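All remarks here apply to the structure that follows.
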Amino acid sequence: MYQYNGFDTAFLKERNLQFRDQVQRRISGALSEEEFKPLRLMNGLYLQLHAYMLRVAIPYGTLNSAQMTALASIAEKWDKGYGHFTTRQNIQFNWPKLQDVPDILDALAEVEMHAIQTSGNTIRNVTADHFAGAAADEIEDPRPYAELLRQWSTDHPEFQFMPRKFKIAVSGSAKDRAVTRAHDIGLLLKKRGAEIGFEVIIGGGLGRTPMIGKTLCDFLPKSDLLPYVEAIVSVWNLLGRRDNKYKSRIKITVHEKGLQEIQRLVLQRFSELRPQFKGQDQTFLNALKKAFATPAWIDTPTTTFHENYATYPNFKSWVDINTSPHRNNDYAIATVSLKTPGQTPGDASSAQMRVVAQLAKTYSHDELRISHAQNIVLPHVHKSHLFALYNGLYPAGLATANAGLISDIIACPGMDYCALATARSIPVAQEIALRFKALKLEHDIGPLQIKISGCINACGHHHVGHIGILGLDRAGVENYQITLGGDATETATIGERAGPGFDASTIVSAIERVVFTYLDLRLSYLETFIETFRRVGAPPFKAALYPDASEGKNAA
Amino acid sequence: MPSKSYSKVITANALLNGDVIYLNAKGGWTRQHSNAKIFHAKKDAQAALNTATAEASHVVGAYLADFSDEDAGPKPTHFREVFRTKGPGNYFHGKQAEAKNVSV
């Protein structure tokens with residue numbers, strides 16, 4: 001992992017001192033809320049429905065056990081004993097008090113963390129494949145590039161007051177686990193012959209106007225990364241609409257100007273910037289690569305793993321569902337589910353954070369990841385340790401075998417917390433998970449991604465859920481629209497709206513009808529929901545959702 | 001002109017802890033919506049909102065919210081305001097767990 005140098009430490013100390021002073025001046029009345037709001041947002045502090053919310057960056061989702069333990073302590077000391085992991089690999093604390101936030105930021109700084117640029121019209125936390133550095137299918141670890149981008153973008157003077165927020169995701173595998181095509185810039189490491197470069201995708205995004213990103217450059221030499229990304233952001237910073245926040249994101253700029261014109265402008269700007277990058281960035285990148293060096297793998301037999309796998313059905317089920325192939329065949333990547341049915345998706349208590357931190361220290365070379373799917377990942381677990389890991393997770397309620405299944409639901413905080421929300425998300429996720437647990441169909445249904453957003457901003461990624469749910473306010477009543485056929489991977493697709501929405505009391509049954517339709521239509525248990533949907537299309541699912549309409553009656 | 005159909009309270013968040021607060025009949029702030037002052041005249045409500053926004057540095061984001069005038073006190077009419085009177089639904093946190101009248 002990257003470790004702060006003297007510059008980083010001093011920079012963060014200075015920023016935290018500045019914010020401490022700003023908070024004091026706000027409390028004393030020297031600063032008005034109008035003056036203070038942009039300052040607190042620059043430091044990740046929002047005012048939500050019931051309290052303040054502090055959003056802490058977890059760069060490219062990577063943590064060590066000391067950092068996870070510090071998050072647990074912060075939740076305990078200054079919050080209500082839990083944190084919420086988000087779809088942008090951040091953590092949010094829902095109940096901090098204003099006067100405590102400077103102390104929280106100091107506690108974060110002690111473990112090399114902060115909340116800078118987790119809000120505002122800046123380049124936000126750079127996200128990455130949560131299996132980075134571990135996945136068997138990886139071309140190259142994307143994290144050194146993500147760290148390079150993080151450092152370049154942090155406090156970048158040109159990019160502090162942009163038309164809108166800007167999100168970058170990086171992946172090092174052909175299999176896209178970072179939703180790169182739904183970001184302002186998606187960077188995909190790819191091979192051309194023996195050479196590795198970046199496919200640069202721009203203009204993706206969800207929200208009010210969902211769009212799948214377009215390839216701006218099919219193969220960018222890695223050494224051109226910073227000047228090329230700077231050229232893109234620089235061009236958009238001038239062109240982007242500042243008159244209408246709904247048209248300000250780069251996806252709209254690309255849509256309005258056309259990809260070719262953006263390409264022309266980016267290349268023009270790139271030709272100005274490229275000579276200014278004289279190699280210091282590459283020297284620095286090489287140092288970063290050493291920080292992300294492969295752990296010293298342990299070499300020990302995996303015999304006990306195979307014995308336990310054959311002996312304990314629950315362990316076998318967890319291994320089958322929650323572990324993924326590692327680049328070292330004696331290792332596995334373990335997904336720790338934060339989606340036990342009935343639980344709030346993405347929430348972890350302080351006690352759970354401590355348990356998983358200790359397990360990561362013991363069994364995962366001291367590394368943890370937060371996934372955009374709001375789960376925790378232990379990326380490097382030797383197979384001989386999987387059984388001990390499972391037994392360590394189980395008593396903490398962290399051994400649910402449901403990664404990628406119907407109860408592994410992404411859900412934003414919705415109107416239980418969020419001031420922007422138009423409806424609740426959490427209870428819908430809880431009820432769906434509990435319904436299918438009661439039906440005991442989850443494993444039979446197989447891979448199925450349900451994603452729920454509590455407003456059009458789509459923090460819950462509903463557009464790219466196989467089944468998406470969008471909560472809206474319809475004449476003072478919560479109403480839930482269903483989208484079908486979305487896809488967050490390398491075959492990214494925006495789901496299509498099924499029809500009129502459902503109220504809170506009928507949405508779960510509606511989802512059940514969609515799933516039962518899939519079970520009826522699939523050719524075999526090997527055909528997944530999304531495969532069936534692509535084969536048969538939306539009509540049979542719509543017929544199940546709106547039986548009255550299919551019989552020629554009105555669907556309200 | 002007071003109107004039966006116009007029925008609002010002034011609500012905001014407290015500066016220090018962000019808790020939901022309401023303007024009361026004495027011109028102070030209360031954490032209990034049942035103690036909020038109901039406005040039936042748009043002009044009065046707007047004037048009180050302007051004063052609240054301008055004068056109270058310890059409140060944030062004051063706005064007018066629809067509340068009905070009930071015997072038991074003001075009652076929120078929109079589900080968003082109902083949630084603000086209680087706290088989140090997934091944990092017993094917020095107002096529902098700390099139901100006491102504490103001055104801002």
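Ordered as shown in the structure tokens, chains take letters A, B, and onward, while each chain numbers its residues from 1 and ligands are numbered from 1 in the order shown.
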>> Need the shell around Ala182 of chain A: protein/DNA/RNA residues with any atom at most 6 Å away, counting only C-alpha atoms. Skip same-chain ones fewer than 5 positions apart. Format as number ranges by chain?
In response: A: 204-205, 212
Interface rows for chain A against chain B: nearest pair, Å to one decimal, 9 Å, only C-alpha atoms, as a tab-separated table:
residue	atom	partner	partner_atom	distance
A:Arg26	CA	B:Ser57	CA	8.4
A:Ile27	CA	B:His58	CA	7.5
A:Ser28	CA	B:Ser57	CA	8.8
A:Gly29	CA	B:Ser57	CA	6.1
A:Leu31	CA	B:Ser57	CA	8.8
A:Ser32	CA	B:Ser57	CA	6.8
A:Glu33	CA	B:Val60	CA	6.8
A:Leu47	CA	B:Gly18	CA	6.6
A:Gln48	CA	B:Gly18	CA	7.7
A:Leu49	CA	B:Arg84	CA	6.5
A:His50	CA	B:Asp19	CA	5.4
A:Ala51	CA	B:Gly18	CA	4.0
A:Tyr52	CA	B:Gly18	CA	5.4
A:Lys80	CA	B:His93	CA	8.3
A:Trp95	CA	B:Asn17	CA	7.8
A:Pro96	CA	B:Asn17	CA	7.1
A:Lys97	CA	B:Asn17	CA	4.5
A:Leu98	CA	B:Leu16	CA	5.2
A:Gln99	CA	B:Leu16	CA	6.6
A:Gln343	CA	B:Asn90	CA	8.4
A:Thr344	CA	B:Asn90	CA	7.0
A:Met415	CA	B:Arg80	CA	7.3
A:Asp416	CA	B:Pro88	CA	4.5
A:Tyr417	CA	B:Pro88	CA	6.3
A:Ala421	CA	B:Arg80	CA	9.0
A:Thr422	CA	B:Arg80	CA	8.0
A:Ala423	CA	B:Arg80	CA	8.0
A:Ile426	CA	B:Asn90	CA	7.3
A:Pro427	CA	B:Asn90	CA	7.3
A:Gly476	CA	B:His78	CA	5.9
A:Val477	CA	B:Phe79	CA	7.3
A:Glu478	CA	B:Phe79	CA	8.1
> When DSSP works through the backbone of this structure, what residues of chain B end up as helix (DSSP H, G or I), shown as a list in words?
Replying inline: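 In chain B, DSSP puts these residues in helix (DSSP H, G or I): His33, Ser34, Asn35, Lys42, Lys43, Asp44, Ala45, Gln46, Ala47, Ala48, Leu49, Asn50, Thr51, Ala52, Thr53, Ala54, Glu55, Phe79, Arg80, Glu81, Val82, Phe83, Arg84, Thr85, Lys86, Gly94, Lys95 and Gln96 of chain B.
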Residues just named, written with N, CA and C atoms as a PDB file, in the first residue's frame:
ATOM      1  N   HIS B  33     -41.739  18.630  17.142  1.00  0.00           N
ATOM      2  CA  HIS B  33     -42.620  19.229  16.140  1.00  0.00           C
ATOM      3  C   HIS B  33     -43.979  19.596  16.742  1.00  0.00           C
ATOM      4  N   SER B  34     -44.355  18.883  17.826  1.00  0.00           N
ATOM      5  CA  SER B  34     -45.654  19.183  18.442  1.00  0.00           C
ATOM      6  C   SER B  34     -45.662  20.575  19.077  1.00  0.00           C
ATOM      7  N   ASN B  35     -44.492  21.129  19.337  1.00  0.00           N
ATOM      8  CA  ASN B  35     -44.401  22.475  19.913  1.00  0.00           C
ATOM      9  C   ASN B  35     -44.168  23.561  18.863  1.00  0.00           C
ATOM     10  N   LYS B  42     -49.588  33.132   4.571  1.00  0.00           N
ATOM     11  CA  LYS B  42     -48.340  33.031   3.825  1.00  0.00           C
ATOM     12  C   LYS B  42     -47.407  34.199   4.160  1.00  0.00           C
ATOM     13  N   LYS B  43     -48.007  35.390   4.302  1.00  0.00           N
ATOM     14  CA  LYS B  43     -47.201  36.579   4.567  1.00  0.00           C
ATOM     15  C   LYS B  43     -46.479  36.462   5.915  1.00  0.00           C
ATOM     16  N   ASP B  44     -47.213  36.006   6.928  1.00  0.00           N
ATOM     17  CA  ASP B  44     -46.618  35.842   8.261  1.00  0.00           C
ATOM     18  C   ASP B  44     -45.511  34.786   8.234  1.00  0.00           C
ATOM     19  N   ALA B  45     -45.808  33.705   7.545  1.00  0.00           N
ATOM     20  CA  ALA B  45     -44.838  32.608   7.485  1.00  0.00           C
ATOM     21  C   ALA B  45     -43.557  33.074   6.803  1.00  0.00           C
ATOM     22  N   GLN B  46     -43.715  33.779   5.710  1.00  0.00           N
ATOM     23  CA  GLN B  46     -42.540  34.237   4.962  1.00  0.00           C
ATOM     24  C   GLN B  46     -41.729  35.230   5.795  1.00  0.00           C
ATOM     25  N   ALA B  47     -42.441  36.118   6.500  1.00  0.00           N
ATOM     26  CA  ALA B  47     -41.744  37.104   7.336  1.00  0.00           C
ATOM     27  C   ALA B  47     -40.974  36.395   8.449  1.00  0.00           C
ATOM     28  N   ALA B  48     -41.604  35.414   9.072  1.00  0.00           N
ATOM     29  CA  ALA B  48     -40.938  34.669  10.152  1.00  0.00           C
ATOM     30  C   ALA B  48     -39.747  33.877   9.611  1.00  0.00           C
ATOM     31  N   LEU B  49     -39.903  33.337   8.417  1.00  0.00           N
ATOM     32  CA  LEU B  49     -38.798  32.583   7.797  1.00  0.00           C
ATOM     33  C   LEU B  49     -37.625  33.515   7.505  1.00  0.00           C
ATOM     34  N   ASN B  50     -37.938  34.702   6.988  1.00  0.00           N
ATOM     35  CA  ASN B  50     -36.872  35.664   6.697  1.00  0.00           C
ATOM     36  C   ASN B  50     -36.120  36.035   7.969  1.00  0.00           C
ATOM     37  N   THR B  51     -36.881  36.271   9.045  1.00  0.00           N
ATOM     38  CA  THR B  51     -36.253  36.615  10.321  1.00  0.00           C
ATOM     39  C   THR B  51     -35.392  35.458  10.818  1.00  0.00           C
ATOM     40  N   ALA B  52     -35.964  34.259  10.753  1.00  0.00           N
ATOM     41  CA  ALA B  52     -35.243  33.078  11.249  1.00  0.00           C
ATOM     42  C   ALA B  52     -33.952  32.881  10.467  1.00  0.00           C
ATOM     43  N   THR B  53     -34.020  33.069   9.171  1.00  0.00           N
ATOM     44  CA  THR B  53     -32.852  32.861   8.323  1.00  0.00           C
ATOM     45  C   THR B  53     -31.795  33.921   8.594  1.00  0.00           C
ATOM     46  N   ALA B  54     -32.244  35.141   8.795  1.00  0.00           N
ATOM     47  CA  ALA B  54     -31.292  36.247   8.948  1.00  0.00           C
ATOM     48  C   ALA B  54     -30.659  36.295  10.330  1.00  0.00           C
ATOM     49  N   GLU B  55     -31.446  35.952  11.346  1.00  0.00           N
ATOM     50  CA  GLU B  55     -30.980  36.215  12.709  1.00  0.00           C
ATOM     51  C   GLU B  55     -30.323  35.029  13.413  1.00  0.00           C
ATOM     52  N   PHE B  79     -44.473  12.516   3.773  1.00  0.00           N
ATOM     53  CA  PHE B  79     -43.698  11.450   4.419  1.00  0.00           C
ATOM     54  C   PHE B  79     -42.266  11.885   4.768  1.00  0.00           C
ATOM     55  N   ARG B  80     -41.692  12.790   3.970  1.00  0.00           N
ATOM     56  CA  ARG B  80     -40.330  13.259   4.282  1.00  0.00           C
ATOM     57  C   ARG B  80     -40.308  13.941   5.662  1.00  0.00           C
ATOM     58  N   GLU B  81     -41.320  14.765   5.894  1.00  0.00           N
ATOM     59  CA  GLU B  81     -41.375  15.466   7.182  1.00  0.00           C
ATOM     60  C   GLU B  81     -41.730  14.507   8.318  1.00  0.00           C
ATOM     61  N   VAL B  82     -42.495  13.469   8.001  1.00  0.00           N
ATOM     62  CA  VAL B  82     -42.783  12.448   9.019  1.00  0.00           C
ATOM     63  C   VAL B  82     -41.471  11.797   9.458  1.00  0.00           C
ATOM     64  N   PHE B  83     -40.621  11.434   8.465  1.00  0.00           N
ATOM     65  CA  PHE B  83     -39.336  10.798   8.805  1.00  0.00           C
ATOM     66  C   PHE B  83     -38.471  11.744   9.632  1.00  0.00           C
ATOM     67  N   ARG B  84     -38.540  13.044   9.302  1.00  0.00           N
ATOM     68  CA  ARG B  84     -37.705  14.010  10.039  1.00  0.00           C
ATOM     69  C   ARG B  84     -38.153  14.134  11.503  1.00  0.00           C
ATOM     70  N   THR B  85     -39.414  13.843  11.769  1.00  0.00           N
ATOM     71  CA  THR B  85     -39.859  13.914  13.169  1.00  0.00           C
ATOM     72  C   THR B  85     -39.427  12.687  13.980  1.00  0.00           C
ATOM     73  N   LYS B  86     -38.971  11.633  13.284  1.00  0.00           N
ATOM     74  CA  LYS B  86     -38.666  10.383  13.989  1.00  0.00           C
ATOM     75  C   LYS B  86     -37.185  10.005  13.958  1.00  0.00           C
ATOM     76  N   GLY B  94     -31.804   8.796  16.471  1.00  0.00           N
ATOM     77  CA  GLY B  94     -32.409  10.083  16.167  1.00  0.00           C
ATOM     78  C   GLY B  94     -33.514  10.422  17.143  1.00  0.00           C
ATOM     79  N   LYS B  95     -34.471  11.209  16.674  1.00  0.00           N
ATOM     80  CA  LYS B  95     -35.517  11.738  17.561  1.00  0.00           C
ATOM     81  C   LYS B  95     -36.284  10.649  18.298  1.00  0.00           C
ATOM     82  N   GLN B  96     -36.587   9.557  17.602  1.00  0.00           N
ATOM     83  CA  GLN B  96     -37.380   8.504  18.231  1.00  0.00           C
ATOM     84  C   GLN B  96     -36.681   7.943  19.474  1.00  0.00           C
TER      85      GLN B  96
END
> Can you list, as a PyMOL selection string, every protein, DNA or RNA residue that comes within 6 Å of segment 394-408 of chain A when you count only C-alpha atoms, leaving out same-chain residues fewer than 6 positions away?
Replying inline: chain A and resi 318+321-322+337+339-340+433+446-448
Resulting file, chosen residues, C-alpha atoms, as a compact mmCIF listing (two decimals), in the first residue's frame:
# COMPACT_ATOMS: atom_id res chain seq x y z
CA TRP A 318 -19.55 -19.83 1.26
CA ILE A 321 -20.29 -18.13 -3.66
CA ASN A 322 -18.05 -15.67 -1.83
CA SER A 337 -20.91 -9.85 2.76
CA LYS A 339 -25.83 -8.00 3.10
CA THR A 340 -27.15 -10.48 5.60
CA ALA A 433 -33.74 -9.97 0.92
CA GLY A 446 -28.31 -17.68 -9.01
CA PRO A 447 -26.48 -14.50 -10.05
CA LEU A 448 -28.83 -11.54 -9.97
>> For Ala75 of chain A, find every residue with an atom within 10 Å (counting only C-alpha atoms), except residues of its own chain fewer than 6 positions away, and show them as number ranges by chain.
In response: A: 69, 81-83, 92-96, 104, 348-351, 353
Since we have the selection now, will you write its residues out, keeping C-alpha atoms, as a PDB file, in the first residue's frame?
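again26.pdb was written with the following content:
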ATOM      1  CA  THR A  69      -9.696  -0.313  13.165  1.00  0.00           C
ATOM      2  CA  GLY A  81     -21.163   2.600  16.491  1.00  0.00           C
ATOM      3  CA  TYR A  82     -21.470   1.875  12.789  1.00  0.00           C
ATOM      4  CA  GLY A  83     -20.461   3.127   9.372  1.00  0.00           C
ATOM      5  CA  GLN A  92     -20.044   7.554   5.645  1.00  0.00           C
ATOM      6  CA  PHE A  93     -20.633   8.372   9.293  1.00  0.00           C
ATOM      7  CA  ASN A  94     -24.226   9.441   9.813  1.00  0.00           C
ATOM      8  CA  TRP A  95     -24.199  11.195  13.185  1.00  0.00           C
ATOM      9  CA  PRO A  96     -21.084  13.307  13.773  1.00  0.00           C
ATOM     10  CA  ILE A 104     -12.375  13.015  13.675  1.00  0.00           C
ATOM     11  CA  ALA A 348     -20.857  -2.484   9.408  1.00  0.00           C
ATOM     12  CA  SER A 349     -20.790  -2.076  13.163  1.00  0.00           C
ATOM     13  CA  SER A 350     -17.609  -1.082  14.967  1.00  0.00           C
ATOM     14  CA  ALA A 351     -17.376  -4.624  16.316  1.00  0.00           C
ATOM     15  CA  MET A 353     -15.029  -3.647  11.491  1.00  0.00           C
TER      16      MET A 353
END
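Atom CA of Arg534 of chain A sits 14.1 Å away from atom CA of Val464 of chain A.
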>> Residues within 10 Å of Phe39 of chain B, please, as a VMD selection string. Count only C-alpha atoms; anything in the same chain fewer than 3 positions from it doesn't count.
In response: chain B and resid 2 to 4 6 to 10 25 36 42 to 46 48 64 66 to 69
> What residues in segment 2-99 of chain B get the DSSP label strand (DSSP E or B)? Please answer as a VMD selection string.
Replying inline: chain B and resid 8 to 14 20 to 24 29 to 30 36 39 59 to 70 73 to 76
Restricted to N, CA and C atoms, what would the selected residues look like written as a short mmCIF file (atom, residue, chain, number, x, y, z; two decimals), in the first residue's frame?
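Once written, selection-v4.cif looks like this:
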data_model
loop_
_atom_site.label_atom_id
_atom_site.label_comp_id
_atom_site.auth_asym_id
_atom_site.auth_seq_id
_atom_site.Cartn_x
_atom_site.Cartn_y
_atom_site.Cartn_z
N LYS B 8 -48.43 25.80 7.65
CA LYS B 8 -46.98 25.51 7.55
C LYS B 8 -46.31 25.70 8.91
N VAL B 9 -45.19 25.01 9.06
CA VAL B 9 -44.28 25.32 10.16
C VAL B 9 -42.93 25.70 9.55
N ILE B 10 -42.10 26.31 10.38
CA ILE B 10 -40.73 26.61 9.94
C ILE B 10 -39.82 25.59 10.60
N THR B 11 -39.06 24.90 9.78
CA THR B 11 -38.16 23.88 10.31
C THR B 11 -36.76 24.10 9.75
N ALA B 12 -35.79 23.54 10.45
CA ALA B 12 -34.38 23.72 10.06
C ALA B 12 -33.58 22.60 10.72
N ASN B 13 -32.26 22.70 10.64
CA ASN B 13 -31.38 21.80 11.39
C ASN B 13 -30.53 22.63 12.34
N ALA B 14 -30.28 22.07 13.52
CA ALA B 14 -29.45 22.78 14.50
C ALA B 14 -27.99 22.78 14.05
N VAL B 20 -33.09 18.00 13.75
CA VAL B 20 -34.23 18.72 13.18
C VAL B 20 -34.87 19.59 14.26
N ILE B 21 -35.12 20.84 13.92
CA ILE B 21 -35.70 21.78 14.88
C ILE B 21 -36.84 22.56 14.22
N TYR B 22 -37.68 23.15 15.07
CA TYR B 22 -38.87 23.87 14.60
C TYR B 22 -38.97 25.20 15.33
N LEU B 23 -39.45 26.20 14.63
CA LEU B 23 -39.69 27.50 15.27
C LEU B 23 -40.95 27.39 16.13
N ASN B 24 -40.85 27.84 17.38
CA ASN B 24 -42.02 27.76 18.25
C ASN B 24 -42.72 29.12 18.36
N TRP B 29 -36.54 28.02 19.26
CA TRP B 29 -36.53 26.77 18.49
C TRP B 29 -36.74 25.59 19.40
N THR B 30 -37.49 24.63 18.92
CA THR B 30 -37.77 23.42 19.69
C THR B 30 -37.40 22.19 18.85
N ALA B 36 -44.21 23.17 17.60
CA ALA B 36 -43.94 24.16 16.55
C ALA B 36 -45.11 25.12 16.38
N PHE B 39 -48.33 28.36 10.95
CA PHE B 39 -48.65 29.60 10.24
C PHE B 39 -49.79 29.32 9.26
N VAL B 59 -28.93 28.03 13.49
CA VAL B 59 -29.80 27.11 12.73
C VAL B 59 -29.36 27.14 11.27
N VAL B 60 -29.62 26.03 10.59
CA VAL B 60 -29.15 25.88 9.22
C VAL B 60 -30.30 25.45 8.32
N GLY B 61 -30.41 26.11 7.19
CA GLY B 61 -31.33 25.65 6.15
C GLY B 61 -32.79 25.73 6.51
N ALA B 62 -33.23 26.83 7.13
CA ALA B 62 -34.65 26.94 7.51
C ALA B 62 -35.54 26.98 6.26
N TYR B 63 -36.68 26.33 6.35
CA TYR B 63 -37.65 26.34 5.26
C TYR B 63 -39.06 26.10 5.80
N LEU B 64 -40.04 26.36 4.95
CA LEU B 64 -41.44 26.15 5.32
C LEU B 64 -41.85 24.73 4.94
N ALA B 65 -42.52 24.05 5.87
CA ALA B 65 -42.96 22.68 5.60
C ALA B 65 -44.46 22.56 5.90
N ASP B 66 -45.13 21.75 5.08
CA ASP B 66 -46.57 21.54 5.27
C ASP B 66 -46.84 20.69 6.50
N PHE B 67 -47.58 21.25 7.44
CA PHE B 67 -48.01 20.52 8.64
C PHE B 67 -49.49 20.84 8.83
N SER B 68 -50.27 19.86 9.20
CA SER B 68 -51.68 20.14 9.50
C SER B 68 -51.81 20.56 10.97
N ASP B 69 -52.88 21.29 11.23
CA ASP B 69 -53.10 21.82 12.59
C ASP B 69 -54.04 20.87 13.31
N GLU B 70 -53.51 20.04 14.16
CA GLU B 70 -54.31 19.03 14.85
C GLU B 70 -54.46 19.40 16.32
N GLY B 73 -51.44 19.02 18.23
CA GLY B 73 -50.32 19.85 17.77
C GLY B 73 -50.08 19.64 16.29
N PRO B 74 -49.12 20.37 15.74
CA PRO B 74 -48.84 20.27 14.31
C PRO B 74 -48.43 18.85 13.90
N LYS B 75 -48.91 18.43 12.73
CA LYS B 75 -48.63 17.07 12.27
C LYS B 75 -48.14 17.14 10.83
N PRO B 76 -47.00 16.49 10.53
CA PRO B 76 -46.48 16.56 9.16
C PRO B 76 -47.42 15.88 8.17
#
> Using only C-alpha atoms, which residues sit within 12 Å of Lys247 of chain A once same-chain residues fewer than 4 positions away are excluded, as a PyMOL selection string?
Replying inline: chain A and resi 163-164+205+207-210+239-243+251-256
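Going from atom CA of Pro313 of chain A to atom CA of His443 of chain A covers 13.5 Å.
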